[in-house]
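A.B. asks: To start, I am sharing the structure in question, which I have written as C-alpha cells.
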Amino acid sequence: GYTGEKLRTIGMGGILHDIGKTNIAEDIIKKPSGLSTQELEVIKLHPVLGSRILSQMESIDEIIPRIAFEHHMRYDRTGYPAAVTKLEPMGMIIAIIDTYDALTTVRVYKKAYSPAASLEVMQDLSGRHFDPHTLKAFADMLGVYPVGTLVRLSTNEIGIVTRVEPQNTYKPVIKLLFDRDGGKIGSPFVIDFSAIDVQKNSIRIVSSVDPSIINLNVGSFMAKEIKSLNPQVH
C-alpha cells in the first residue's frame with residue numbers, strides 16, 4: 001500500500017541497511033565457517049554502526065537510519081539490538097526481505113533454500129520473528145511459486161517462473177528449459193498459465209525443483225532475462 005516517497009525510503013533502506021558491515025573486519029564478514037561467540041557479538045554491532053553512519057549523511061530520510069538499526073529486531077523483541085520503542089513498519093519490511101534473501105542465497109557454509117521452502121521457513125516464524133500481516137503481504141506478492149523458482153510440470157518438463165501476477169499467483173508465467181526426457185530445450189518457450197485452459201491441456205505444476213540438480217545458476221539466468229527485456233540494465 002505504500003506509494004511515492006515512502007517507497008523510495010523503503011528502497012534506500014533496503015540498499016543501505018547493512019552499511020554498518022563496512023566498519024567490521026573483512027575476515028569476519030567473509031569467514032567461510034561458523035563464527036565464534038566473540039565474532040558473532042562483533043557482527044551484531046552492524047545495525048548500530050550502520051545507523052550512526054546513515055545519521056551523519058545529509059538530506060537522508062530519518063527513517064533510513066532507523067531501518068538499519070532495527071532490521072535484526074524481531075517482532076517479539078528477541079532480536080538485536082534490544083528494542084526499547086515500537087518497531088518501525090518499514091524496518092520490518094526490510095527484515096523480511098533480508099531474511100528471504102539470506103535463505104535463498106548460496107553461501108560457502110550452506111546451500112540455498114528454494115523460494116517456496118524459504119517462505120515455509122518464514123511462515124513458521126510468523127508472529128515471533130515477523131509481523132504476521134507484513135509477512136502475509138510479502139508472501140501474497142511473491143506467490144506460491146515466486147519468480148526464479150524452478151518447477152516440474154505434469155508433463156515432466158521443467159521450467160522457471162519468470163513472472164507472477166499478484167492477483168493470480170497460482171497461475172505464473174513459465175519459461176520451459178528442459179523437455180520431458182530431461183533434454184535442454186534449444187529455444188526455450190513460454191507458458192502463461194493464466195492464458196491457457198488447464199482442464200483442456202491437462203498441464204499443471206506438480207512441484208518445485210532444486211536448481212543444483214540440473215546445475216542451473218538461477219541468479220545468472222534471471223539477470224540475463226532482465227537484461228534481454230531491458231538492454232540498458234548492466
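Labeling convention for the C-alpha cells: chains A, B, ... as they appear, residues from 1 per chain, ligands from 1 in order of appearance.
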When you look at range 50-67 of chain A with a cut-off of 6 Å (counting only C-alpha atoms), what residues show up, excluding the ones that are within fewer than 3 positions of it in the same chain? I need them as an NGL selection string.
C.D. replies: :A and (13 or 19-20 or 46-47 or 70-71 or 91)
A.B. asks: Tell me, counting only C-alpha atoms, for each residue of range 44-102 of chain A within 12 Å of range 133-149 of chain A, which pair of atoms is nearest and how far apart they are in Å to one decimal, in rows ordered by chain and increasing number, as a tab-separated table.
C.D. replies:
```
residue	atom	partner	partner_atom	distance
A:Tyr75	CA	A:Thr134	CA	10.7
A:Glu88	CA	A:Thr134	CA	11.9
A:Pro89	CA	A:Thr134	CA	8.3
A:Met90	CA	A:Thr134	CA	9.6
A:Gly91	CA	A:Thr134	CA	10.8
A:Met92	CA	A:Thr134	CA	7.6
A:Ile93	CA	A:Thr134	CA	6.8
A:Ile94	CA	A:Thr134	CA	10.4
A:Ala95	CA	A:Leu135	CA	10.0
A:Ile96	CA	A:Leu135	CA	7.0
A:Ile97	CA	A:Phe138	CA	8.4
A:Thr99	CA	A:Leu135	CA	11.1
A:Tyr100	CA	A:Phe138	CA	10.0
```
A.B. asks: Residues at most 8 Å from Thr162 in chain A, counting only C-alpha atoms, excluding those fewer than 5 positions away in the same chain, as number ranges by chain?
C.D. replies: A: 147-148, 172-175, 222
A.B. asks: Just the alpha helix (DSSP H) stuff from range 13-233 of chain A, please, per backbone DSSP, written as a VMD selection string.
C.D. replies: chain A and resid 13 to 16 26 to 29 37 to 43 46 to 55 63 to 70 89 to 104 115 to 124 132 to 142 198 to 201 218 to 229
A.B. asks: Can you list every residue of range 27-118 of chain A that has an atom at most 10 Å from range 200-218 of chain A, with its nearest atom pair and the distance in Å to one decimal, using only C-alpha atoms, ordered by chain then number, as CSV?
C.D. replies:
```
residue,atom,partner,partner_atom,distance
A:Lys111,CA,A:Ser212,CA,9.2
A:Ala112,CA,A:Asp210,CA,9.2
A:Tyr113,CA,A:Asp210,CA,8.5
A:Ser114,CA,A:Asp210,CA,6.7
A:Pro115,CA,A:Ser208,CA,9.0
A:Ala116,CA,A:Ser208,CA,7.6
A:Ala117,CA,A:Ser208,CA,9.2
```
A.B. asks: Convert the current residue selection to file output with N, CA, C and O atoms, as a PDB file, in the first residue's frame.
C.D. replies:
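Output file part_13.pdb follows:
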```pdb
ATOM      1  N   LYS A 111      23.734 -24.417   1.620  1.00  0.00           N
ATOM      2  CA  LYS A 111      23.030 -24.405   0.343  1.00  0.00           C
ATOM      3  C   LYS A 111      21.878 -23.409   0.418  1.00  0.00           C
ATOM      4  O   LYS A 111      21.448 -23.018   1.494  1.00  0.00           O
ATOM      5  N   ALA A 112      21.403 -23.016  -0.736  1.00  0.00           N
ATOM      6  CA  ALA A 112      20.262 -22.105  -0.780  1.00  0.00           C
ATOM      7  C   ALA A 112      18.958 -22.889  -0.662  1.00  0.00           C
ATOM      8  O   ALA A 112      18.833 -23.987  -1.201  1.00  0.00           O
ATOM      9  N   TYR A 113      18.004 -22.325   0.065  1.00  0.00           N
ATOM     10  CA  TYR A 113      16.651 -22.864   0.074  1.00  0.00           C
ATOM     11  C   TYR A 113      15.952 -22.433  -1.217  1.00  0.00           C
ATOM     12  O   TYR A 113      16.248 -21.368  -1.765  1.00  0.00           O
ATOM     13  N   SER A 114      15.017 -23.223  -1.683  1.00  0.00           N
ATOM     14  CA  SER A 114      14.192 -22.794  -2.808  1.00  0.00           C
ATOM     15  C   SER A 114      13.293 -21.660  -2.323  1.00  0.00           C
ATOM     16  O   SER A 114      13.043 -21.526  -1.109  1.00  0.00           O
ATOM     17  N   PRO A 115      12.781 -20.822  -3.231  1.00  0.00           N
ATOM     18  CA  PRO A 115      11.861 -19.755  -2.804  1.00  0.00           C
ATOM     19  C   PRO A 115      10.670 -20.285  -2.009  1.00  0.00           C
ATOM     20  O   PRO A 115      10.305 -19.714  -0.986  1.00  0.00           O
ATOM     21  N   ALA A 116      10.075 -21.379  -2.488  1.00  0.00           N
ATOM     22  CA  ALA A 116       8.911 -21.935  -1.785  1.00  0.00           C
ATOM     23  C   ALA A 116       9.288 -22.430  -0.393  1.00  0.00           C
ATOM     24  O   ALA A 116       8.571 -22.189   0.586  1.00  0.00           O
ATOM     25  N   ALA A 117      10.432 -23.125  -0.278  1.00  0.00           N
ATOM     26  CA  ALA A 117      10.878 -23.631   1.026  1.00  0.00           C
ATOM     27  C   ALA A 117      11.220 -22.479   1.963  1.00  0.00           C
ATOM     28  O   ALA A 117      10.972 -22.551   3.172  1.00  0.00           O
TER      29      ALA A 117
END
```
